[in-house]
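Note: the block below is start.cif and it holds mmCIF, C-alpha atoms.
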```
data_start
#
loop_
_atom_site.label_atom_id
_atom_site.label_comp_id
_atom_site.auth_asym_id
_atom_site.auth_seq_id
_atom_site.Cartn_x
_atom_site.Cartn_y
_atom_site.Cartn_z
CA MET A 1 97.25 81.04 77.21
CA ASN A 2 100.53 82.63 78.23
CA GLU A 3 103.77 80.90 79.12
CA ARG A 4 103.32 81.17 82.89
CA GLU A 5 99.80 79.68 82.84
CA THR A 6 100.89 76.79 80.64
CA ALA A 7 103.86 76.19 82.91
CA LYS A 8 101.58 76.24 85.94
CA LYS A 9 99.35 73.54 84.45
CA ILE A 10 102.34 71.38 83.60
CA THR A 11 103.86 71.73 87.07
CA ALA A 12 100.52 70.76 88.60
CA TYR A 13 100.88 67.39 86.84
CA LEU A 14 104.47 67.19 88.10
CA ASP A 15 103.26 67.82 91.64
CA ARG A 16 100.77 65.01 91.30
CA GLY A 17 103.47 62.64 90.06
CA THR A 18 105.65 63.65 92.98
CA ALA A 19 102.87 63.11 95.50
CA GLU A 20 102.48 59.54 94.28
CA LEU A 21 106.03 58.34 94.66
CA LYS A 22 106.43 54.69 95.58
CA SER A 23 106.68 53.95 99.28
CA GLY A 24 110.05 52.26 98.73
CA THR A 25 111.41 55.42 97.12
CA LEU A 26 110.09 57.57 99.95
CA TYR A 27 111.70 55.28 102.48
CA LYS A 28 115.05 55.49 100.67
CA LEU A 29 114.76 59.29 100.55
CA GLN A 30 114.06 59.32 104.26
CA LEU A 31 117.17 57.20 104.90
CA ALA A 32 119.24 59.50 102.67
CA ARG A 33 118.00 62.52 104.59
CA GLN A 34 118.81 60.93 107.94
CA ALA A 35 122.28 59.95 106.75
CA ALA A 36 122.90 63.53 105.63
CA LEU A 37 121.68 64.97 108.94
CA ASP A 38 123.88 62.54 110.89
CA ARG A 39 126.90 63.92 109.05
CA GLN A 40 126.14 67.49 110.04
CA PRO A 41 129.30 68.79 111.79
CA ALA A 42 128.94 68.95 115.59
CA ALA A 43 130.34 72.49 115.77
CA GLU A 44 127.69 73.74 113.37
CA LEU A 45 124.99 72.06 115.43
CA ALA A 46 126.21 73.67 118.65
CA LEU A 47 126.44 77.08 117.05
CA ALA A 48 123.04 76.84 115.40
CA GLY A 49 121.50 75.47 118.59
CA SER A 50 122.93 78.22 120.78
CA GLY A 51 121.36 80.90 118.64
CA GLY A 52 124.79 82.24 117.60
CA SER A 53 125.56 83.46 114.14
CA VAL A 54 128.21 83.30 111.48
CA TRP A 55 129.19 86.79 112.54
CA ALA A 56 129.73 85.66 116.10
CA ARG A 57 132.00 82.90 114.85
CA ARG A 58 133.89 85.35 112.67
CA GLY A 59 134.21 87.62 115.72
CA LEU A 60 135.77 84.73 117.64
CA MET A 61 138.21 84.13 114.84
CA ASP A 62 139.07 87.84 114.71
CA VAL A 63 139.79 87.87 118.44
CA ARG A 64 142.16 84.92 118.04
CA VAL A 65 144.00 86.63 115.18
CA TRP A 66 144.32 89.89 117.09
CA LEU A 67 145.51 88.08 120.22
CA GLY A 68 148.20 86.40 118.14
CA VAL A 69 149.32 89.71 116.63
CA LEU A 70 149.33 91.31 120.10
CA LEU A 71 151.49 88.53 121.53
CA LEU A 72 153.95 88.80 118.62
CA VAL A 73 154.31 92.58 118.93
CA GLY A 74 154.64 92.28 122.73
CA GLY A 75 157.39 89.68 122.28
CA ILE A 76 159.36 91.86 119.86
CA VAL A 77 159.14 94.95 122.12
CA SER A 78 160.19 92.91 125.20
CA TYR A 79 163.17 91.45 123.35
CA GLN A 80 164.35 94.87 122.18
CA TYR A 81 164.01 96.31 125.71
CA TRP A 82 165.97 93.40 127.17
CA GLN A 83 168.72 93.87 124.56
CA THR A 84 169.05 97.60 125.35
CA VAL A 85 169.26 96.89 129.08
CA GLN A 86 171.87 94.19 128.44
CA GLN A 87 173.98 96.54 126.25
CA THR A 88 173.85 99.28 128.90
CA ARG A 89 174.87 96.80 131.58
CA ASP A 90 177.82 95.62 129.45
CA LEU A 91 178.97 99.21 128.92
CA GLU A 92 178.68 99.89 132.66
CA GLU A 93 180.75 96.83 133.44
CA THR A 94 183.43 97.86 130.93
CA ASP A 95 183.51 101.40 132.30
CA ALA A 96 183.74 100.11 135.86
CA ALA A 97 186.57 97.73 134.88
CA ILE A 98 188.51 100.56 133.18
CA LEU A 99 188.00 102.97 136.07
CA SER A 100 188.90 100.44 138.72
CA SER A 101 191.98 99.25 136.79
CA GLU A 102 195.45 100.13 138.07
CA LEU A 103 196.40 101.38 134.61
CA PRO A 104 195.75 105.07 133.86
CA ILE A 105 193.08 105.73 131.17
CA GLU A 106 195.71 107.29 128.89
CA ALA A 107 197.38 103.89 128.64
CA TYR A 108 194.35 102.52 126.76
CA LEU A 109 194.67 105.32 124.22
CA ASP A 110 198.37 104.75 123.67
CA ARG A 111 199.02 103.06 120.31
CA GLY A 112 202.15 101.42 121.56
CA PHE A 113 200.28 99.83 124.43
CA GLN A 114 197.58 98.48 122.02
CA ALA A 115 200.32 97.06 119.77
CA TRP A 116 201.95 95.43 122.80
CA LEU A 117 198.58 93.93 123.87
CA LYS A 118 198.05 92.43 120.39
CA HIS A 119 201.62 91.18 120.26
CA SER A 120 201.40 89.57 123.69
CA GLU A 121 198.15 87.67 122.89
CA PRO A 122 198.77 83.90 122.67
CA MET B 123 137.11 97.67 117.73
CA ILE B 124 136.37 93.99 117.72
CA GLY B 125 132.83 93.00 118.59
CA PHE B 126 130.42 90.08 118.44
CA ASN B 127 127.47 90.47 116.18
CA VAL B 128 124.99 87.93 117.56
CA SER B 129 122.05 89.50 115.79
CA GLY B 130 123.27 88.33 112.35
CA PRO B 131 121.32 86.20 109.86
CA HIS B 132 119.23 83.39 111.36
CA LEU B 133 121.09 80.08 111.12
CA ALA B 134 119.28 76.89 110.23
CA SER B 135 118.88 74.68 113.29
CA SER B 136 119.08 70.92 112.94
CA SER B 137 115.30 70.59 112.99
CA GLU B 138 114.91 73.34 110.39
CA LEU B 139 117.46 71.65 108.18
CA SER B 140 115.64 68.35 108.59
CA ALA B 141 112.29 69.97 107.75
CA PHE B 142 113.83 71.71 104.76
CA LEU B 143 115.26 68.48 103.36
CA ALA B 144 111.99 66.64 104.00
CA GLY B 145 110.20 69.37 102.06
CA VAL B 146 112.43 69.30 99.01
CA GLU B 147 113.52 65.66 98.76
CA ARG B 148 110.64 64.44 96.57
CA ARG B 149 110.99 67.16 93.98
CA ALA B 150 114.76 66.85 94.11
CA PHE B 151 114.41 63.14 93.39
CA LYS B 152 112.07 63.83 90.47
CA GLN B 153 114.41 66.49 89.09
CA ALA B 154 117.30 64.06 89.19
CA LEU B 155 115.10 61.31 87.73
CA PHE B 156 114.01 63.47 84.77
CA ALA B 157 117.67 64.12 84.06
CA VAL B 158 119.23 60.67 84.56
CA ARG B 159 116.16 58.45 83.96
CA ASP B 160 117.25 55.90 86.54
CA GLU B 161 115.73 55.72 90.02
CA ASP B 162 118.79 54.39 91.86
CA THR B 163 121.08 56.95 90.26
CA ALA B 164 118.57 59.70 91.03
CA LEU B 165 118.46 58.57 94.69
CA ASP B 166 122.27 58.61 94.83
CA ILE B 167 122.33 62.11 93.40
CA VAL B 168 119.79 63.38 95.93
CA GLN B 169 121.71 61.75 98.79
CA ASP B 170 125.00 63.29 97.57
CA ALA B 171 123.37 66.71 97.33
CA MET B 172 121.91 66.38 100.84
CA LEU B 173 125.28 65.30 102.25
CA LYS B 174 127.07 68.21 100.62
CA LEU B 175 124.51 70.62 102.02
CA THR B 176 124.68 69.33 105.59
CA GLU B 177 128.46 68.85 105.63
CA LYS B 178 129.47 72.16 104.10
CA TYR B 179 126.61 74.60 104.31
CA ALA B 180 124.64 73.68 107.43
CA ALA B 181 125.84 76.85 109.16
CA ARG B 182 124.35 79.11 106.50
CA PRO B 183 121.24 81.18 107.16
CA ALA B 184 117.99 79.22 106.75
CA ASP B 185 116.70 81.41 103.93
CA GLU B 186 119.77 80.62 101.81
CA LEU B 187 119.16 76.86 101.93
CA PRO B 188 116.71 76.51 98.98
CA MET B 189 119.02 78.33 96.58
CA LEU B 190 122.12 76.54 97.87
CA PHE B 191 120.46 73.15 97.62
CA GLN B 192 119.34 73.77 94.04
CA ARG B 193 122.86 74.77 93.06
CA ILE B 194 124.32 71.69 94.72
CA LEU B 195 121.70 69.44 93.14
CA GLN B 196 122.30 70.80 89.63
CA ASN B 197 126.07 70.49 90.08
CA THR B 198 125.70 66.93 91.33
CA ILE B 199 123.61 66.04 88.27
CA HIS B 200 126.23 67.63 85.99
CA ASP B 201 129.02 65.77 87.82
CA HIS B 202 127.15 62.53 87.23
CA PHE B 203 127.02 63.16 83.49
CA ARG B 204 130.70 64.12 83.43
CA ARG B 205 131.67 60.90 85.19
CA GLN B 206 129.32 58.92 82.98
CA LYS B 207 130.96 60.35 79.88
CA VAL B 208 134.39 59.27 81.08
CA ARG B 209 133.27 55.78 82.06
CA SER B 210 130.61 55.22 79.39
CA THR B 211 131.99 51.86 78.34
CA TRP B 212 132.01 50.57 81.91
CA THR B 213 128.55 51.90 82.65
CA THR B 214 127.02 50.17 79.66
CA LEU B 215 128.60 46.88 80.67
CA LEU B 216 127.64 47.17 84.36
CA SER B 217 124.07 48.31 83.71
CA ALA B 218 123.55 45.30 81.46
CA LEU B 219 124.71 43.04 84.29
CA GLY B 220 122.86 45.05 86.94
CA ALA B 221 119.49 44.73 85.19
CA LYS B 222 119.32 41.02 86.06
CA GLU B 223 120.11 41.70 89.71
CA ASP B 224 117.34 44.28 89.85
CA GLU B 225 114.85 41.75 88.61
CA GLU B 226 115.94 39.25 91.24
CA ASP B 227 115.69 41.84 94.02
CA PHE B 228 112.26 43.01 92.89
CA ASP B 229 110.04 43.80 95.84
CA PRO B 230 106.35 44.24 94.92
CA LEU B 231 105.80 46.34 98.06
CA GLU B 232 108.17 48.97 96.72
CA THR B 233 105.98 49.55 93.71
CA LEU B 234 102.94 50.47 95.82
CA PRO B 235 102.19 54.16 95.58
CA ALA B 236 102.48 56.04 98.87
CA LYS B 237 99.43 57.54 100.48
CA THR B 238 98.79 60.84 98.78
CA ASP B 239 97.43 64.00 100.34
CA SER B 240 96.52 65.63 97.03
CA ASN B 241 92.97 66.63 96.13
CA TRP B 242 92.87 64.92 92.78
CA SER B 243 89.97 62.76 91.71
CA ALA B 244 89.23 59.68 93.77
CA ASP B 245 87.24 58.12 90.89
CA PRO B 246 89.30 55.12 89.68
CA SER B 247 88.75 55.86 85.96
CA ASP B 248 89.57 59.54 86.44
CA ALA B 249 92.56 58.65 88.58
CA HIS B 250 93.79 56.29 85.90
CA GLN B 251 93.42 58.96 83.22
CA GLN B 252 95.20 61.52 85.39
CA ALA B 253 98.01 59.07 86.07
CA GLN B 254 98.39 58.56 82.32
CA ILE B 255 98.62 62.31 81.74
CA VAL B 256 101.17 62.63 84.54
CA ALA B 257 103.23 59.89 82.89
CA LEU B 258 103.02 61.63 79.50
CA VAL B 259 103.99 64.99 81.01
CA GLU B 260 106.96 63.38 82.73
CA GLN B 261 108.00 61.64 79.53
CA ALA B 262 107.75 64.90 77.60
CA LEU B 263 109.82 66.64 80.22
CA ALA B 264 112.47 63.93 80.09
CA ARG B 265 112.69 64.42 76.32
CA LEU B 266 113.50 68.13 76.60
CA PRO B 267 117.10 69.27 76.08
CA ALA B 268 118.87 69.24 79.46
CA ARG B 269 119.27 73.02 79.81
CA GLN B 270 115.65 73.71 78.87
CA ARG B 271 114.42 71.13 81.38
CA GLU B 272 116.70 72.53 84.06
CA ALA B 273 115.52 76.08 83.46
CA PHE B 274 111.85 75.05 83.37
CA LEU B 275 112.05 73.05 86.60
CA LEU B 276 113.97 75.69 88.53
CA ARG B 277 111.94 78.62 87.30
CA TYR B 278 108.43 77.22 87.29
CA TRP B 279 108.50 74.18 89.56
CA GLU B 280 110.95 75.35 92.22
CA GLU B 281 109.61 78.87 91.70
CA LEU B 282 113.02 80.56 91.73
CA ASP B 283 113.09 83.98 90.12
CA VAL B 284 115.00 84.57 86.87
CA ALA B 285 118.14 85.83 88.63
CA GLU B 286 118.20 82.88 91.04
CA THR B 287 117.64 80.41 88.21
CA ALA B 288 120.49 82.01 86.26
CA ALA B 289 122.76 81.77 89.31
CA ALA B 290 121.85 78.12 89.89
CA MET B 291 122.44 77.27 86.23
CA GLY B 292 125.54 79.42 85.85
CA CYS B 293 124.20 81.32 82.84
CA SER B 294 122.75 84.73 82.00
CA GLU B 295 119.18 85.79 82.82
CA GLY B 296 118.52 86.15 79.11
CA SER B 297 119.45 82.51 78.57
CA VAL B 298 117.08 81.47 81.35
CA LYS B 299 114.19 83.31 79.70
CA THR B 300 115.00 81.76 76.34
CA HIS B 301 115.31 78.23 77.78
CA CYS B 302 112.06 78.61 79.74
CA SER B 303 110.12 79.92 76.76
CA ARG B 304 111.37 77.16 74.49
CA ALA B 305 110.72 74.52 77.15
CA VAL B 306 107.10 75.58 77.69
CA HIS B 307 106.38 75.70 73.97
CA ALA B 308 108.05 72.35 73.34
CA LEU B 309 106.15 70.72 76.21
CA ALA B 310 102.83 72.14 75.02
CA GLU B 311 103.54 70.88 71.50
CA MET B 312 104.55 67.41 72.66
CA LEU B 313 101.47 67.07 74.85
CA LYS B 314 99.21 68.40 72.12
CA ALA B 315 100.60 65.74 69.79
CA LYS B 316 99.51 63.15 72.40
CA GLY B 317 96.01 64.62 72.49
CA ILE B 318 96.44 66.55 75.73
CA SER B 319 95.37 70.15 75.65
CA LEU B 320 96.48 72.30 78.55
#
```
Could you take the file, read its structure, and then write that structure out as structure tokens?
Amino acid sequence: MNERETAKKITAYLDRGTAELKSGTLYKLQLARQAALDRQPAAELALAGSGGSVWARRGLMDVRVWLGVLLLVGGIVSYQYWQTVQQTRDLEETDAAILSSELPIEAYLDRGFQAWLKHSEP
Amino acid sequence: MIGFNVSGPHLASSSELSAFLAGVERRAFKQALFAVRDEDTALDIVQDAMLKLTEKYAARPADELPMLFQRILQNTIHDHFRRQKVRSTWTTLLSALGAKEDEEDFDPLETLPAKTDSNWSADPSDAHQQAQIVALVEQALARLPARQREAFLLRYWEELDVAETAAAMGCSEGSVKTHCSRAVHALAEMLKAKGISL
């Protein structure tokens, strides 16, 4: 008799022993099973019940990650645009102030005038 | 781009998980019992394994459950022995005290065998003889080295293939074959010595 046949005969006896477990043991096993099923996470139940899959859940997670990345990139681009606009506006204001000033533009280029400005600062 | 793949592997529903556990709990209990030789401990191990499966792996495809459960069960049995090794002094002391309590809590109803749906002999003398053989087979199995018993039960009783058994045991396929072969020969020898020819 080969190994598999011998094993089959032995497991047949094991099956018989298993079929004749005490009722108390079976009851305890049933309680253990129920306790385990009660602890099944609700999210898993909903997902399994709705016919969804692990892949669908992964898809959801991917969408969240990509949305986050998109928001971050959008934020950085908006900030840089705002900064450029602000810098341009500042330059315009400076230019307008210089042009509308009573002083001629040459005065701002005069070293003596710059030295006088520094000297006269409080 | 990003898409939803709803036609992925079939997830185990709650009722499928329940049916799966109901189908494997008896053999799981026996497996644990052969290893630890104590009914209460074996029940604890089975409950732990069931809890781990439902808490952590309930969302896995239904066809992965048998393999996952066997892995969890074997790991839980190993964990038990690891803990027992660390607390061996305490266990000896507590089991000596616990034995008395067990006797006091003895319920004769719990020792009644459950109704069986097997096709074995209904003749009382035959049934008695069969029960004796079952007991001897179980004793022989309990006497096997742990790894041989584990390999035998997973490969031939749980009917996992060699690769699955190796994965569940965390060893090579060659080791599984060796353990199984030695287990079958040892069991046959032990039973032959008791006058049981297979």
Query raised in the report: When the PyMOL selection byres ((chain B and resi 304) around 10) is applied to the file above, which residues end up in the set, as a count of residues only?
Result: 19
Report task. Check which residues satisfy the PyMOL selection byres ((chain B and resi 152-154) around 7) in the file shown, then give them as a VMD selection string. Result -> (chain A and resid 18) or (chain B and resid 148 to 151 155 to 158 164 167 199)
Report task. Would you mind listing what lies within 10 Å of range 28-40 of chain A as a count of residues only, with all atoms listed in the file counted and same-chain residues fewer than 2 positions away left out? Result -> 36
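Residue nearest Val259 in chain B within the list B:Ser319, B:Ser247, B:Gln206, B:Gln196: B:Ser319 [criterion: smallest interatomic distance, all atoms listed in the file].
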Query raised in the report: Given the file above and the PyMOL selection byres ((chain B and resi 285) around 12), which residues are selected, and can you give them as a ChimeraX atom specification?
Result: /B:189,273,276-277,281-284,286-299
Requested in this report: Kindly extract all protein, DNA and RNA residues lying within 10 Å of the coordinates (97.8, 63.0, 81.8) given in the file, considering only C-alpha atoms, and supply them as a ChimeraX atom specification.
Outcome: /A:10,13 /B:249-260,313,316-320
Query raised in the report: To one decimal place, how far is CA of Ala134 in chain B from CA of Pro183 in chain B in Å?
Result: 5.6 Å
Report task. Would you work out the distance separating CA of Thr11 in chain A from CA of Glu280 in chain B, expressed in Å to one decimal? Result ->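 Separating CA of Thr11 in chain A from CA of Glu280 in chain B is a distance of 9.5 Å.
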**Report entry** Best match for closeness to chain A among B:Ile194, B:Val146, B:Ala268, B:Val208, counting all atoms listed in the file
**Finding:**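 Ranking B:Ile194, B:Val146, B:Ala268, B:Val208 by distance to chain A, first place goes to B:Val146.
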Report task. Find the distance between CA of Glu161 in chain B and CA of Lys9 in chain A and write it in Å to one decimal. Result ->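 Straight-line distance from CA of Glu161 in chain B to CA of Lys9 in chain A works out to 24.8 Å.
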Query raised in the report: Taking into account only C-alpha atoms, which residue in the set A:Tyr108, A:Arg4, A:Lys22, A:Thr88 is nearest to chain B?
Result: A:Lys22
Query - Proximity to chain A - best of B:Asp248, B:Tyr278, B:Leu263, B:Pro188, all atoms listed in the file - result: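 Ranked by minimum distance to chain A, first place goes to B:Tyr278.
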Query - Residue nearest chain A among B:Trp279, B:Arg205, B:Ser210, B:Leu187 (counting all atoms listed in the file) - result: B:Trp279
The centre and edge lengths of an axis-aligned box containing all atoms of range 305-314 of chain B present in the file, extended by 8 Å on each side, are to be given in Å to one decimal, as JSON.
```
{"center_x": 105.0, "center_y": 71.4, "center_z": 74.6, "size_x": 27.5, "size_y": 24.6, "size_z": 22.2}
```
